[in-house]
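Undergrad: The structure that follows is given in the form of structure tokens.
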Amino acid sequence: MQKKLLTMLLSIVLIFAITGCGNTASNEAEGSTGSSNEEAFPTKPIKLVIPYPPGGGTDVLFRLVAQYAEEHLGQTIVPTNMAGATATVGSRFVKDTEPDGYTILGTHQVVATAQHTGVVNYGFSAFDPVMMMTSTPHIPSVSKKFSEENNIKTINDFIEYVQAGNEVTWAYTVGSEDHYTIAALLDAAGVDPTSLNYVNYDGTGPQYAAILADQVNGMTGDYASGKGYLDDGSLVPLGMVFDERNPFLPEVPTLKEQNIDFSVTVDRGILAPKGTSPEKLKIIADAFQKALEDPELQKKIEELGSFVNSKGTEEYTEHLEELNTKMEKLAPKMQF
């Protein structure tokens, strides 16, 4: 009897032991799954904030590259236009967003120019650089009507016209990269940057609308956004602000060919809220880098008058520091 009772007790203990082990194993498995889910990234779409209205060069290029990058990211990238206040509505939104990797900013030099011209009190250092994507030469242009009425075909024609004291109305976005380009260009040509009558528009899209409506005489755009207007003759390009001619506008000389020693590109890249983990930055950067290695995408970017100029997080950080120094130096001459 005692032997039978002892056997039953041992059986009960064994059952509890087995059940406990099973529960422990189950809990460990669940804990492992939960941890894995927390560490996985991304598990939902990523918002790509474009701080300009639809249709501008920045909007066109970021939307294009995002389509290819999301294939490598495994999640949808949602381009979201947040225009206003010299692209600072969008940049401020991203700056103040939780640094969880699910909101990023597609931008360029405007972050620095907006700071150094007093539009905002923050610059590149308020973000974590992710990677640089492309570079795009600027193209100062005038309307067809203005060109024909004043016989202005090149940047030298334009400079002579301005130096003669003639009035020119110029569209720009205060504190943006086109603001920097026209100021630096005129300065390099020995012309006071304040010689033009400037009209502020929030992005290149509205600038194109203004020039087509003859509200202004000229503007500084790029081939990515102005292709249609340049191709149909609505805009007359005065020069390429680059070291080489654009193969899609081979007849347009560079500024250096016209004896103006100035060259700059619009360098578009991705920034994230300060404090985003390096692991998440790398995952996003890798997806965009793989996209930019696609020959099909490279061709489409070139057809928009831009070229792939990818830089990883570290190299991009150094590049932004150099850009910031240049913007800061010219800022006093950009106070129109």
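For the structure tokens, the naming scheme is as follows: chains receive sequential letters (A, B, ...) according to their order of presentation, residues are indexed from 1 within each chain, and ligands are indexed from 1 in presentation order.
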Neighbours of Asn150 of chain A within 12 Å (only C-alpha atoms; same-chain residues fewer than 5 positions away dropped), as a short mmCIF file (atom, residue, chain, number, x, y, z; two decimals) with all heavy atoms, in the first residue's frame?

TA:
data_model
loop_
_atom_site.label_atom_id
_atom_site.label_comp_id
_atom_site.auth_asym_id
_atom_site.auth_seq_id
_atom_site.Cartn_x
_atom_site.Cartn_y
_atom_site.Cartn_z
N VAL A 142 15.34 82.37 -67.93
CA VAL A 142 14.40 83.49 -68.06
C VAL A 142 13.25 83.05 -68.96
O VAL A 142 13.35 82.04 -69.68
CB VAL A 142 15.08 84.75 -68.65
CG1 VAL A 142 16.12 85.29 -67.68
CG2 VAL A 142 15.71 84.46 -70.02
N SER A 143 12.17 83.80 -68.93
CA SER A 143 11.02 83.45 -69.75
C SER A 143 11.33 83.71 -71.23
O SER A 143 12.20 84.52 -71.58
CB SER A 143 9.80 84.28 -69.34
OG SER A 143 10.00 85.65 -69.68
N LYS A 144 10.64 83.02 -72.07
CA LYS A 144 10.82 83.19 -73.52
C LYS A 144 10.56 84.64 -73.92
O LYS A 144 11.32 85.23 -74.71
CB LYS A 144 9.86 82.27 -74.27
CG LYS A 144 9.95 82.36 -75.78
CD LYS A 144 8.96 81.40 -76.44
CE LYS A 144 9.05 81.51 -77.96
NZ LYS A 144 8.07 80.60 -78.62
N LYS A 145 9.52 85.23 -73.37
CA LYS A 145 9.16 86.61 -73.69
C LYS A 145 10.28 87.57 -73.29
O LYS A 145 10.69 88.44 -74.07
CB LYS A 145 7.87 86.99 -72.97
CG LYS A 145 7.43 88.42 -73.20
CD LYS A 145 6.15 88.72 -72.41
CE LYS A 145 5.73 90.18 -72.60
NZ LYS A 145 4.50 90.50 -71.82
N ASP A 157 24.85 87.74 -71.21
CA ASP A 157 23.86 88.71 -71.68
C ASP A 157 23.06 89.25 -70.50
O ASP A 157 22.79 90.45 -70.39
CB ASP A 157 22.89 88.05 -72.67
CG ASP A 157 23.55 87.60 -73.96
OD1 ASP A 157 24.62 88.14 -74.30
OD2 ASP A 157 23.00 86.70 -74.62
N PHE A 158 22.70 88.33 -69.61
CA PHE A 158 21.89 88.69 -68.45
C PHE A 158 22.65 89.62 -67.51
O PHE A 158 22.12 90.64 -67.05
CB PHE A 158 21.48 87.41 -67.72
CG PHE A 158 20.64 87.64 -66.49
CD1 PHE A 158 19.30 87.95 -66.62
CD2 PHE A 158 21.19 87.55 -65.23
CE1 PHE A 158 18.51 88.17 -65.48
CE2 PHE A 158 20.42 87.77 -64.10
CZ PHE A 158 19.08 88.08 -64.22
N GLU A 160 25.16 91.62 -68.20
CA GLU A 160 25.31 92.94 -68.84
C GLU A 160 24.02 93.75 -68.72
O GLU A 160 24.04 94.96 -68.48
CB GLU A 160 25.68 92.77 -70.31
CG GLU A 160 27.10 92.25 -70.54
CD GLU A 160 27.41 92.03 -72.01
OE1 GLU A 160 26.57 92.42 -72.86
OE2 GLU A 160 28.47 91.45 -72.32
N TYR A 161 22.90 93.08 -68.88
CA TYR A 161 21.60 93.73 -68.79
C TYR A 161 21.38 94.28 -67.38
O TYR A 161 20.93 95.42 -67.20
CB TYR A 161 20.51 92.72 -69.15
CG TYR A 161 19.12 93.26 -69.20
CD1 TYR A 161 18.63 93.92 -70.33
CD2 TYR A 161 18.24 93.11 -68.11
CE1 TYR A 161 17.33 94.42 -70.38
CE2 TYR A 161 16.95 93.60 -68.15
CZ TYR A 161 16.50 94.25 -69.29
OH TYR A 161 15.21 94.75 -69.34
N VAL A 162 21.73 93.48 -66.37
CA VAL A 162 21.57 93.91 -64.98
C VAL A 162 22.53 95.04 -64.64
O VAL A 162 22.15 96.04 -64.00
CB VAL A 162 21.79 92.72 -64.01
CG1 VAL A 162 21.78 93.19 -62.56
CG2 VAL A 162 20.73 91.66 -64.23
N ASN A 166 19.10 97.88 -65.71
CA ASN A 166 17.75 97.47 -66.09
C ASN A 166 17.08 96.67 -64.96
O ASN A 166 17.74 95.95 -64.22
CB ASN A 166 17.80 96.61 -67.36
CG ASN A 166 18.27 97.41 -68.56
OD1 ASN A 166 17.64 98.38 -68.96
ND2 ASN A 166 19.39 97.00 -69.13
N GLU A 167 15.79 96.78 -64.89
CA GLU A 167 15.05 96.10 -63.84
C GLU A 167 14.75 94.66 -64.23
O GLU A 167 14.32 94.37 -65.34
CB GLU A 167 13.73 96.85 -63.57
CG GLU A 167 12.95 96.29 -62.41
CD GLU A 167 11.74 97.16 -62.07
OE1 GLU A 167 11.92 98.38 -61.89
OE2 GLU A 167 10.63 96.61 -61.99
N VAL A 168 14.98 93.76 -63.29
CA VAL A 168 14.70 92.33 -63.50
C VAL A 168 13.94 91.81 -62.27
O VAL A 168 14.38 92.01 -61.14
CB VAL A 168 15.99 91.50 -63.68
CG1 VAL A 168 15.65 90.02 -63.81
CG2 VAL A 168 16.77 91.98 -64.89
N ASN A 217 10.45 87.58 -64.41
CA ASN A 217 11.27 87.43 -65.61
C ASN A 217 12.12 86.16 -65.60
O ASN A 217 12.42 85.60 -66.66
CB ASN A 217 12.20 88.64 -65.78
CG ASN A 217 11.46 89.95 -65.81
OD1 ASN A 217 11.83 90.90 -65.12
ND2 ASN A 217 10.40 90.04 -66.60
#

Undergrad: So which residues of segment 83-135 of chain A fall under strand (DSSP E) by DSSP, listed as number ranges by chain?

TA: A: 103-107, 127-135

Undergrad: Using the selection just defined, write its residues with all heavy atoms as a compact mmCIF listing (two decimals), in the first residue's frame.

TA:
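Output (selection23.txt):
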# COMPACT_ATOMS: atom_id res chain seq x y z
N THR A 103 9.70 58.02 -39.69
CA THR A 103 9.51 59.31 -40.35
C THR A 103 10.89 59.84 -40.72
O THR A 103 11.76 59.98 -39.86
CB THR A 103 8.81 60.32 -39.43
OG1 THR A 103 7.56 59.79 -39.01
CG2 THR A 103 8.56 61.64 -40.16
N ILE A 104 11.08 60.13 -42.01
CA ILE A 104 12.36 60.65 -42.49
C ILE A 104 12.11 61.86 -43.38
O ILE A 104 10.99 62.09 -43.84
CB ILE A 104 13.16 59.57 -43.26
CG1 ILE A 104 12.32 58.99 -44.41
CG2 ILE A 104 13.64 58.48 -42.32
CD1 ILE A 104 13.05 57.95 -45.26
N LEU A 105 13.15 62.64 -43.61
CA LEU A 105 13.05 63.88 -44.37
C LEU A 105 13.87 63.80 -45.64
O LEU A 105 15.05 63.44 -45.61
CB LEU A 105 13.54 65.05 -43.52
CG LEU A 105 13.59 66.43 -44.17
CD1 LEU A 105 12.18 66.94 -44.44
CD2 LEU A 105 14.33 67.42 -43.27
N GLY A 106 13.26 64.11 -46.78
CA GLY A 106 13.98 64.19 -48.04
C GLY A 106 14.27 65.66 -48.33
O GLY A 106 13.35 66.45 -48.53
N THR A 107 15.54 66.03 -48.36
CA THR A 107 15.84 67.46 -48.43
C THR A 107 17.18 67.72 -49.10
O THR A 107 17.77 66.84 -49.73
CB THR A 107 15.80 68.08 -47.01
OG1 THR A 107 15.84 69.50 -47.11
CG2 THR A 107 16.94 67.54 -46.15
N PHE A 127 19.46 67.03 -36.91
CA PHE A 127 19.01 65.76 -37.46
C PHE A 127 20.14 64.73 -37.45
O PHE A 127 21.31 65.07 -37.25
CB PHE A 127 18.54 65.94 -38.91
CG PHE A 127 17.44 66.94 -39.09
CD1 PHE A 127 17.72 68.29 -39.27
CD2 PHE A 127 16.11 66.54 -39.07
CE1 PHE A 127 16.70 69.22 -39.44
CE2 PHE A 127 15.08 67.46 -39.23
CZ PHE A 127 15.39 68.80 -39.41
N ASP A 128 19.79 63.49 -37.70
CA ASP A 128 20.77 62.44 -37.93
C ASP A 128 20.82 62.18 -39.43
O ASP A 128 19.80 61.79 -40.02
CB ASP A 128 20.38 61.15 -37.20
CG ASP A 128 20.72 61.18 -35.72
OD1 ASP A 128 21.66 61.91 -35.36
OD2 ASP A 128 20.07 60.47 -34.94
N PRO A 129 21.97 62.38 -40.07
CA PRO A 129 22.08 62.10 -41.50
C PRO A 129 21.90 60.60 -41.78
O PRO A 129 22.40 59.76 -41.02
CB PRO A 129 23.50 62.55 -41.84
CG PRO A 129 23.87 63.50 -40.76
CD PRO A 129 23.19 62.98 -39.53
N VAL A 130 21.19 60.28 -42.83
CA VAL A 130 20.99 58.88 -43.23
C VAL A 130 21.89 58.55 -44.42
O VAL A 130 22.79 57.75 -44.32
CB VAL A 130 19.52 58.60 -43.58
CG1 VAL A 130 19.34 57.13 -43.98
CG2 VAL A 130 18.61 58.93 -42.40
N MET A 131 21.65 59.20 -45.53
CA MET A 131 22.51 59.02 -46.70
C MET A 131 22.19 60.07 -47.76
O MET A 131 21.12 60.64 -47.77
CB MET A 131 22.36 57.62 -47.28
CG MET A 131 21.00 57.28 -47.86
SD MET A 131 20.90 57.55 -49.65
CE MET A 131 22.09 56.40 -50.26
N MET A 132 23.16 60.33 -48.63
CA MET A 132 22.96 61.25 -49.74
C MET A 132 22.62 60.45 -50.99
O MET A 132 23.14 59.36 -51.20
CB MET A 132 24.23 62.08 -49.98
CG MET A 132 24.10 63.10 -51.08
SD MET A 132 25.44 64.31 -50.98
CE MET A 132 25.76 64.59 -52.73
N MET A 133 21.75 61.00 -51.80
CA MET A 133 21.18 60.29 -52.93
C MET A 133 21.72 60.77 -54.28
O MET A 133 22.34 60.01 -55.02
CB MET A 133 19.66 60.53 -52.93
CG MET A 133 18.82 59.33 -52.74
SD MET A 133 17.05 59.75 -52.65
CE MET A 133 16.80 61.11 -53.77
N THR A 134 21.45 62.02 -54.59
CA THR A 134 21.74 62.55 -55.92
C THR A 134 22.29 63.98 -55.85
O THR A 134 22.18 64.65 -54.83
CB THR A 134 20.47 62.60 -56.78
OG1 THR A 134 19.52 63.48 -56.16
CG2 THR A 134 19.85 61.22 -56.94
N SER A 135 22.85 64.40 -56.97
CA SER A 135 23.26 65.80 -57.15
C SER A 135 22.63 66.30 -58.44
O SER A 135 22.54 65.56 -59.43
CB SER A 135 24.78 65.92 -57.21
OG SER A 135 25.36 65.69 -55.94

Undergrad: Give one line per residue of segment 232-315 of chain A that approaches segment 182-198 of chain A to at most 8 Å, naming the two atoms of the closest pair and their distance in Å to one decimal, counting only C-alpha atoms; sort by chain then ascending residue number and deliver it as CSV.

TA:
residue,atom,partner,partner_atom,distance
A:Ile260,CA,A:Ala189,CA,5.7
A:Asp261,CA,A:Ala188,CA,6.5
A:Phe262,CA,A:Leu185,CA,6.4

Undergrad: Which of these residues is nearest to Gln215 of chain A, using only C-alpha atoms: A:Gly239, A:Pro250, A:Thr169, A:Val65?

TA: A:Thr169

Undergrad: Between A:Ala126, A:Val236, A:Leu330, A:Val111, which is the closest to Phe146 of chain A once you count only C-alpha atoms?

TA: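 The shortest atom-to-atom distance to Phe146 of chain A comes from A:Val236.
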
Undergrad: Excluding Ile284 of chain A and any residue of its chain fewer than 4 positions from it, enumerate the residues within 8 Å of it, using only C-alpha atoms, and give them as a ChimeraX atom specification.

TA: /A:73,130,280,288

Undergrad: Hey, which of A:Ala291, A:Ala171, A:Ile46, A:Val266 ends up closest to Val110 of chain A? Count only C-alpha atoms.

TA: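 Among A:Ala291, A:Ala171, A:Ile46, A:Val266, it is A:Val266 that comes nearest to Val110 of chain A.
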
Undergrad: Hey, what does DSSP flag as alpha helix (DSSP H) within segment 29-194 of chain A? Can you give it to me as a PyMOL selection string?

TA: chain A and resi 29-39+57-73+88-95+110-116+144-150+155-163+177-188

Undergrad: Could you check the closest approach to Glu314 of chain A for each of A:Ala285, A:Met82, A:Met327, A:Met240 and tell me which residue wins, using only C-alpha atoms?

TA: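 For Glu314 of chain A, the nearest of the given residues is A:Ala285.
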